[in-house]
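K.L.:
Sending over model.cif (mmCIF, C-alpha atoms).
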```cif
data_structure
loop_
_atom_site.group_PDB
_atom_site.id
_atom_site.type_symbol
_atom_site.label_atom_id
_atom_site.label_comp_id
_atom_site.auth_asym_id
_atom_site.auth_seq_id
_atom_site.Cartn_x
_atom_site.Cartn_y
_atom_site.Cartn_z
ATOM 1 C CA ALA N 1 -130.492 -126.636 80.648
ATOM 2 C CA GLN N 2 -129.372 -129.721 78.808
ATOM 3 C CA LYS N 3 -125.718 -130.163 78.173
ATOM 4 C CA VAL N 4 -123.125 -132.789 77.367
ATOM 5 C CA THR N 5 -119.495 -132.309 78.336
ATOM 6 C CA GLN N 6 -116.627 -134.282 76.906
ATOM 7 C CA ALA N 7 -113.696 -132.705 78.667
ATOM 8 C CA GLN N 8 -111.057 -134.643 76.773
ATOM 9 C CA THR N 9 -110.453 -132.895 73.478
ATOM 10 C CA GLU N 10 -107.848 -135.355 72.261
ATOM 11 C CA ILE N 11 -106.385 -138.580 73.595
ATOM 12 C CA SER N 12 -103.378 -140.349 72.162
ATOM 13 C CA VAL N 13 -102.384 -143.855 73.218
ATOM 14 C CA VAL N 14 -100.271 -146.655 71.895
ATOM 15 C CA GLU N 15 -102.008 -149.625 70.367
ATOM 16 C CA LYS N 16 -103.170 -152.295 72.841
ATOM 17 C CA GLU N 17 -103.545 -149.813 75.677
ATOM 18 C CA ASP N 18 -106.925 -149.380 77.321
ATOM 19 C CA VAL N 19 -108.525 -145.967 77.024
ATOM 20 C CA THR N 20 -111.562 -144.363 78.647
ATOM 21 C CA LEU N 21 -113.516 -141.518 77.121
ATOM 22 C CA ASP N 22 -115.452 -139.430 79.603
ATOM 23 C CA CYS N 23 -118.941 -138.036 79.174
ATOM 24 C CA VAL N 24 -120.856 -135.954 81.689
ATOM 25 C CA TYR N 25 -124.408 -134.835 80.982
ATOM 26 C CA GLU N 26 -126.931 -132.430 82.453
ATOM 27 C CA THR N 27 -130.698 -132.659 82.215
ATOM 28 C CA ARG N 28 -133.671 -132.142 84.493
ATOM 29 C CA ASP N 29 -135.727 -134.733 82.674
ATOM 30 C CA THR N 30 -136.226 -138.091 84.318
ATOM 31 C CA THR N 31 -136.611 -139.862 81.000
ATOM 32 C CA TYR N 32 -133.732 -139.426 78.639
ATOM 33 C CA TYR N 33 -131.417 -141.363 76.381
ATOM 34 C CA LEU N 34 -127.673 -141.369 76.033
ATOM 35 C CA PHE N 35 -125.719 -142.286 72.946
ATOM 36 C CA TRP N 36 -122.179 -142.802 71.780
ATOM 37 C CA TYR N 37 -121.259 -142.340 68.144
ATOM 38 C CA LYS N 38 -117.976 -142.804 66.318
ATOM 39 C CA GLN N 39 -117.001 -140.497 63.480
ATOM 40 C CA PRO N 40 -114.161 -141.752 61.299
ATOM 41 C CA PRO N 41 -112.491 -139.410 58.792
ATOM 42 C CA SER N 42 -115.136 -140.294 56.199
ATOM 43 C CA GLY N 43 -117.581 -138.214 58.228
ATOM 44 C CA GLU N 44 -120.394 -140.642 58.818
ATOM 45 C CA LEU N 45 -121.586 -140.969 62.412
ATOM 46 C CA VAL N 46 -121.547 -144.622 63.378
ATOM 47 C CA PHE N 47 -123.892 -145.662 66.166
ATOM 48 C CA LEU N 48 -122.240 -147.477 69.058
ATOM 49 C CA ILE N 49 -124.735 -147.615 71.894
ATOM 50 C CA ARG N 50 -127.987 -146.204 73.240
ATOM 51 C CA ARG N 51 -128.943 -146.310 76.892
ATOM 52 C CA ASN N 52 -132.137 -145.043 78.509
ATOM 53 C CA SER N 53 -132.214 -143.342 81.875
ATOM 54 C CA PHE N 54 -133.890 -146.266 83.606
ATOM 55 C CA ASP N 55 -131.270 -148.778 82.639
ATOM 56 C CA GLU N 56 -128.067 -148.314 84.589
ATOM 57 C CA GLN N 57 -126.705 -151.681 83.706
ATOM 58 C CA ASN N 58 -123.221 -151.474 82.295
ATOM 59 C CA GLU N 59 -122.690 -152.980 78.902
ATOM 60 C CA ILE N 60 -119.861 -154.776 77.190
ATOM 61 C CA SER N 61 -119.609 -155.371 73.478
ATOM 62 C CA GLY N 62 -116.384 -156.986 72.468
ATOM 63 C CA ARG N 63 -113.579 -154.565 73.302
ATOM 64 C CA TYR N 64 -116.058 -151.791 74.078
ATOM 65 C CA SER N 65 -117.704 -151.195 77.416
ATOM 66 C CA TRP N 66 -119.852 -148.463 78.864
ATOM 67 C CA ASN N 67 -120.284 -147.335 82.444
ATOM 68 C CA PHE N 68 -123.500 -145.432 83.120
ATOM 69 C CA GLN N 69 -123.745 -143.784 86.558
ATOM 70 C CA LYS N 70 -126.756 -141.578 87.215
ATOM 71 C CA SER N 71 -125.342 -140.516 90.577
ATOM 72 C CA THR N 72 -122.534 -138.681 88.819
ATOM 73 C CA SER N 73 -124.398 -138.038 85.535
ATOM 74 C CA SER N 74 -121.709 -139.830 83.626
ATOM 75 C CA PHE N 75 -121.708 -142.252 80.745
ATOM 76 C CA ASN N 76 -118.109 -143.244 80.116
ATOM 77 C CA PHE N 77 -116.816 -145.367 77.286
ATOM 78 C CA THR N 78 -113.828 -147.695 77.540
ATOM 79 C CA ILE N 79 -111.960 -149.361 74.729
ATOM 80 C CA THR N 80 -109.892 -152.307 75.841
ATOM 81 C CA ALA N 81 -106.785 -153.324 73.912
ATOM 82 C CA SER N 82 -107.135 -150.422 71.509
ATOM 83 C CA GLN N 83 -106.403 -150.831 67.819
ATOM 84 C CA VAL N 84 -105.365 -148.383 65.133
ATOM 85 C CA VAL N 85 -108.810 -148.770 63.535
ATOM 86 C CA ASP N 86 -110.322 -147.268 66.679
ATOM 87 C CA SER N 87 -108.825 -143.908 65.741
ATOM 88 C CA ALA N 88 -111.730 -141.521 65.219
ATOM 89 C CA VAL N 89 -113.685 -138.776 66.897
ATOM 90 C CA TYR N 90 -116.126 -140.100 69.463
ATOM 91 C CA PHE N 91 -119.254 -138.217 70.407
ATOM 92 C CA CYS N 92 -121.478 -138.596 73.403
ATOM 93 C CA ALA N 93 -125.027 -137.318 72.967
ATOM 94 C CA LEU N 94 -128.114 -136.802 75.092
ATOM 95 C CA SER N 95 -131.707 -136.961 73.925
ATOM 96 C CA ALA N 96 -134.300 -135.535 76.289
ATOM 97 C CA PRO N 97 -137.603 -133.701 75.847
ATOM 98 C CA GLY N 98 -136.468 -130.523 77.539
ATOM 99 C CA ARG N 99 -139.101 -127.805 77.726
ATOM 100 C CA GLY N 100 -141.310 -129.459 75.139
ATOM 101 C CA SER N 101 -141.934 -133.080 74.440
ATOM 102 C CA ASN N 102 -139.751 -133.192 71.373
ATOM 103 C CA TYR N 103 -136.549 -135.095 71.640
ATOM 104 C CA GLN N 104 -133.453 -133.925 69.883
ATOM 105 C CA LEU N 105 -129.823 -134.881 70.188
ATOM 106 C CA ILE N 106 -127.614 -132.628 72.279
ATOM 107 C CA TRP N 107 -124.012 -133.352 71.457
ATOM 108 C CA GLY N 108 -120.772 -133.192 73.319
ATOM 109 C CA ALA N 109 -117.823 -131.552 71.598
ATOM 110 C CA GLY N 110 -116.267 -134.899 70.813
ATOM 111 C CA THR N 111 -113.022 -136.573 71.779
ATOM 112 C CA LYS N 112 -110.464 -137.216 69.097
ATOM 113 C CA LEU N 113 -108.848 -140.582 69.764
ATOM 114 C CA ILE N 114 -105.499 -141.341 68.184
ATOM 115 C CA ILE N 115 -104.181 -144.859 68.419
ATOM 116 C CA LYS N 116 -100.513 -145.085 67.495
ATOM 117 C CA PRO N 117 -99.103 -148.360 66.192
ATOM 118 C CA LYS L 118 -130.857 -152.944 53.811
ATOM 119 C CA ALA L 119 -129.808 -149.617 52.330
ATOM 120 C CA GLY L 120 -128.614 -147.003 54.771
ATOM 121 C CA VAL L 121 -129.297 -143.306 54.865
ATOM 122 C CA THR L 122 -128.329 -141.690 51.576
ATOM 123 C CA GLN L 123 -127.320 -138.067 51.329
ATOM 124 C CA THR L 124 -126.670 -136.264 48.077
ATOM 125 C CA PRO L 125 -124.552 -134.628 46.967
ATOM 126 C CA ARG L 126 -121.485 -135.568 49.013
ATOM 127 C CA TYR L 127 -119.671 -132.353 48.243
ATOM 128 C CA LEU L 128 -120.852 -128.956 47.146
ATOM 129 C CA ILE L 129 -119.186 -125.612 46.507
ATOM 130 C CA LYS L 130 -121.378 -122.538 46.361
ATOM 131 C CA THR L 131 -120.882 -118.798 46.228
ATOM 132 C CA ARG L 132 -122.060 -116.379 48.886
ATOM 133 C CA GLY L 133 -125.615 -115.269 48.254
ATOM 134 C CA GLN L 134 -126.614 -118.399 46.382
ATOM 135 C CA GLN L 135 -129.012 -120.983 47.664
ATOM 136 C CA VAL L 136 -128.522 -124.709 48.009
ATOM 137 C CA THR L 137 -130.693 -127.795 48.391
ATOM 138 C CA LEU L 138 -129.475 -130.961 50.061
ATOM 139 C CA SER L 139 -131.237 -134.297 49.883
ATOM 140 C CA CYS L 140 -131.634 -137.168 52.329
ATOM 141 C CA SER L 141 -133.242 -140.544 51.736
ATOM 142 C CA PRO L 142 -133.903 -142.356 55.009
ATOM 143 C CA ILE L 143 -133.814 -146.058 55.665
ATOM 144 C CA SER L 144 -136.875 -147.759 54.246
ATOM 145 C CA GLY L 145 -139.658 -147.682 56.808
ATOM 146 C CA HIS L 146 -138.166 -144.804 58.778
ATOM 147 C CA ARG L 147 -140.500 -141.835 58.893
ATOM 148 C CA SER L 148 -138.405 -139.394 60.882
ATOM 149 C CA VAL L 149 -135.609 -137.372 59.333
ATOM 150 C CA SER L 150 -133.467 -134.981 61.335
ATOM 151 C CA TRP L 151 -130.812 -132.611 60.099
ATOM 152 C CA TYR L 152 -127.647 -131.526 61.870
ATOM 153 C CA GLN L 153 -124.928 -129.046 61.073
ATOM 154 C CA GLN L 154 -121.347 -129.817 62.051
ATOM 155 C CA THR L 155 -118.675 -127.129 62.110
ATOM 156 C CA PRO L 156 -115.267 -127.037 63.814
ATOM 157 C CA GLY L 157 -116.325 -124.055 65.904
ATOM 158 C CA GLN L 158 -119.851 -124.982 66.951
ATOM 159 C CA GLY L 159 -119.707 -128.758 66.778
ATOM 160 C CA LEU L 160 -122.877 -130.681 66.016
ATOM 161 C CA GLN L 161 -126.060 -128.670 66.160
ATOM 162 C CA PHE L 162 -129.651 -129.703 65.569
ATOM 163 C CA LEU L 163 -131.410 -128.003 62.674
ATOM 164 C CA PHE L 164 -134.854 -129.586 62.480
ATOM 165 C CA GLU L 165 -136.795 -132.807 62.405
ATOM 166 C CA TYR L 166 -139.499 -133.923 60.028
ATOM 167 C CA PHE L 167 -141.967 -136.688 60.651
ATOM 168 C CA SER L 168 -144.855 -137.612 58.367
ATOM 169 C CA GLU L 169 -144.170 -134.588 56.171
ATOM 170 C CA THR L 170 -144.457 -132.143 59.080
ATOM 171 C CA GLN L 171 -141.727 -130.259 60.884
ATOM 172 C CA ARG L 172 -141.908 -131.459 64.479
ATOM 173 C CA ASN L 173 -138.960 -129.759 66.065
ATOM 174 C CA LYS L 174 -136.601 -126.941 65.193
ATOM 175 C CA GLY L 175 -133.227 -125.789 66.439
ATOM 176 C CA ASN L 176 -131.918 -122.254 66.773
ATOM 177 C CA PHE L 177 -131.084 -121.447 63.209
ATOM 178 C CA PRO L 178 -132.205 -118.463 61.135
ATOM 179 C CA GLY L 179 -135.084 -118.700 58.718
ATOM 180 C CA ARG L 180 -132.642 -119.058 55.825
ATOM 181 C CA PHE L 181 -132.520 -122.705 56.803
ATOM 182 C CA SER L 182 -135.617 -124.610 55.833
ATOM 183 C CA GLY L 183 -136.641 -128.092 54.958
ATOM 184 C CA ARG L 184 -139.398 -130.335 53.856
ATOM 185 C CA GLN L 185 -140.321 -133.965 53.755
ATOM 186 C CA PHE L 186 -142.092 -135.832 51.018
ATOM 187 C CA SER L 187 -144.666 -138.586 51.249
ATOM 188 C CA ASN L 188 -141.946 -141.206 50.716
ATOM 189 C CA SER L 189 -140.102 -139.777 53.757
ATOM 190 C CA ARG L 190 -137.278 -138.355 51.687
ATOM 191 C CA SER L 191 -136.271 -134.960 52.967
ATOM 192 C CA GLU L 192 -134.605 -131.904 51.570
ATOM 193 C CA MET L 193 -133.067 -128.976 53.351
ATOM 194 C CA ASN L 194 -132.559 -125.618 51.756
ATOM 195 C CA VAL L 195 -130.271 -122.803 52.708
ATOM 196 C CA SER L 196 -130.924 -119.479 51.047
ATOM 197 C CA THR L 197 -128.617 -116.471 50.771
ATOM 198 C CA LEU L 198 -125.569 -118.489 51.698
ATOM 199 C CA GLU L 199 -122.980 -117.027 54.038
ATOM 200 C CA LEU L 200 -119.384 -118.079 54.545
ATOM 201 C CA GLY L 201 -120.332 -119.359 57.983
ATOM 202 C CA ASP L 202 -122.706 -121.874 56.446
ATOM 203 C CA SER L 203 -119.724 -123.930 55.325
ATOM 204 C CA ALA L 204 -120.154 -127.159 57.201
ATOM 205 C CA LEU L 205 -120.866 -130.850 57.092
ATOM 206 C CA TYR L 206 -124.614 -131.366 57.006
ATOM 207 C CA LEU L 207 -125.721 -134.672 58.416
ATOM 208 C CA CYS L 208 -129.061 -136.321 58.095
ATOM 209 C CA ALA L 209 -130.381 -138.937 60.512
ATOM 210 C CA SER L 210 -133.338 -141.231 60.116
ATOM 211 C CA SER L 211 -135.359 -142.992 62.758
ATOM 212 C CA ARG L 212 -138.459 -145.125 62.998
ATOM 213 C CA SER L 213 -140.284 -142.756 65.295
ATOM 214 C CA GLN L 214 -140.645 -139.071 65.929
ATOM 215 C CA GLY L 215 -137.936 -137.912 68.254
ATOM 216 C CA GLY L 216 -136.130 -141.111 67.547
ATOM 217 C CA ALA L 217 -134.607 -141.531 70.937
ATOM 218 C CA ASN L 218 -136.309 -144.784 71.801
ATOM 219 C CA TYR L 219 -135.208 -146.412 68.558
ATOM 220 C CA GLY L 220 -132.016 -144.554 67.884
ATOM 221 C CA TYR L 221 -130.780 -142.662 64.900
ATOM 222 C CA THR L 222 -128.938 -143.789 61.787
ATOM 223 C CA PHE L 223 -126.837 -141.176 60.080
ATOM 224 C CA GLY L 224 -125.857 -140.652 56.488
ATOM 225 C CA SER L 225 -122.356 -139.788 55.324
ATOM 226 C CA GLY L 226 -123.214 -136.130 55.104
ATOM 227 C CA THR L 227 -122.943 -133.366 52.557
ATOM 228 C CA ARG L 228 -119.901 -131.152 52.858
ATOM 229 C CA LEU L 229 -120.866 -127.646 51.817
ATOM 230 C CA THR L 230 -118.223 -125.051 51.128
ATOM 231 C CA VAL L 231 -119.290 -121.448 50.613
ATOM 232 C CA VAL L 232 -116.759 -119.221 48.864
#
```
Take the structure I supplied and represent it as structure tokens, if you would.
P.N.:
Amino acid sequence: AQKVTQAQTEISVVEKEDVTLDCVYETRDTTYYLFWYKQPPSGELVFLIRRNSFDEQNEISGRYSWNFQKSTSSFNFTITASQVVDSAVYFCALSAPGRGSNYQLIWGAGTKLIIKP
Amino acid sequence: KAGVTQTPRYLIKTRGQQVTLSCSPISGHRSVSWYQQTPGQGLQFLFEYFSETQRNKGNFPGRFSGRQFSNSRSEMNVSTLELGDSALYLCASSRSQGGANYGYTFGSGTRLTVV
């Protein structure tokens, strides 16, 4: 079965603190893709990062960084020096062929991040 | 370049009615996927269209259907609306079928309320 677990339903921190959002995934496929999306109150899902299963290199983009560890099936997302504008719901998603060869996005439940000024 | 455009943004319908939602993908993208987002079930995959053909389908009843036109624009239809169909419907476009290797760009969604 394919599954994405975001155990943290809601996180609240004070501005400028660092915060890590956890994502654990399950799949039997060897080729798969992992994504993070941000959903502000407007509703649109904003793409943050895509990582394929063969690329375990961690990535940093400004204040954002991602830690992909296949050994623990985790793809965690860290925001350094958080800002109020980072407040949103963040989704981790998995795309894998599953039983067929058709990819589709399997979503985690999302983590609501609240950054207090 | 223009993003993914979904119309209408908001919709209120009565139980038993039907509704059609529209999605215009990014120019050059041939894959359009639809997702339903509800507070209880989260984000769930409805179906994907590529080159006017449905390529993949989620676990939704037959009341949910869709189609794709030759210009890659897609519509989804929900017939005999139920209260539980109230949700945010999101459309995603991608260059390729499946989309995983290129990623997905989402529209702002259509918020459907069934009363």
K.L.:
Taking all atoms listed in the file into account, report as number ranges by chain which residues of chain N lie within 6 Å of chain L.
P.N.:
N: 43-45, 102-103, 109
K.L.:
Pick out the closest residue to N:Pro117 from this set: N:Glu56, N:Asp86, N:Glu26, N:Glu10. Count all atoms listed in the file.
P.N.:
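The shortest atom-to-atom distance to N:Pro117 comes from N:Asp86.
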K.L.:
For the structure provided, state which residues fall under the PyMOL selection byres ((chain L and resi 190) around 9), and present them as a PyMOL selection string.
P.N.:
chain L and resi 139-142+147+149+184-189+191-192
K.L.:
Quick one: of N:Arg28, N:Lys38, N:Lys116, N:Lys3, who's nearest to N:Ala88, counting all atoms listed in the file?
P.N.:
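Looking only at the distances to N:Ala88, the closest residue turns out to be N:Lys38.
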K.L.:
So what does the PyMOL selection byres ((chain N and resi 22) around 8) actually pick up in this one, as a PyMOL selection string?
P.N.:
chain N and resi 6-8+20-21+23-24+74-77
K.L.:
Quick one, how far is atom CA of N:Leu94 from atom CA of N:Ala81?
P.N.:
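Separation of atom CA of N:Leu94 and atom CA of N:Ala81: 27.0 Å.
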K.L.:
For N:Lys112, work out the shell of residues within 9 Å, counting only C-alpha atoms and skipping chain neighbours fewer than 4 positions away, then give it as a ChimeraX atom specification.
P.N.:
/N:8-12,87-91
K.L.:
In Å, rounded to a single decimal, give me how far atom CA of N:Val19 is from atom CA of N:Thr78.
P.N.:
5.6 Å
K.L.:
Rounded to one decimal place, report the atom CA of L:Glu199-atom CA of L:Ser182 distance in Å.
P.N.:
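Straight-line distance from atom CA of L:Glu199 to atom CA of L:Ser182 works out to 14.8 Å.
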K.L.:
Residues within 8 Å of N:Arg63, please, as number ranges by chain. Count all atoms listed in the file; anything in the same chain fewer than 6 positions from it doesn't count.
P.N.:
N: 79-82
K.L.:
I need the output of the PyMOL selection byres ((chain N and resi 50) around 7) for this file as a ChimeraX atom specification; which residues are they?
P.N.:
/N:33-36,49,51-52 /L:220
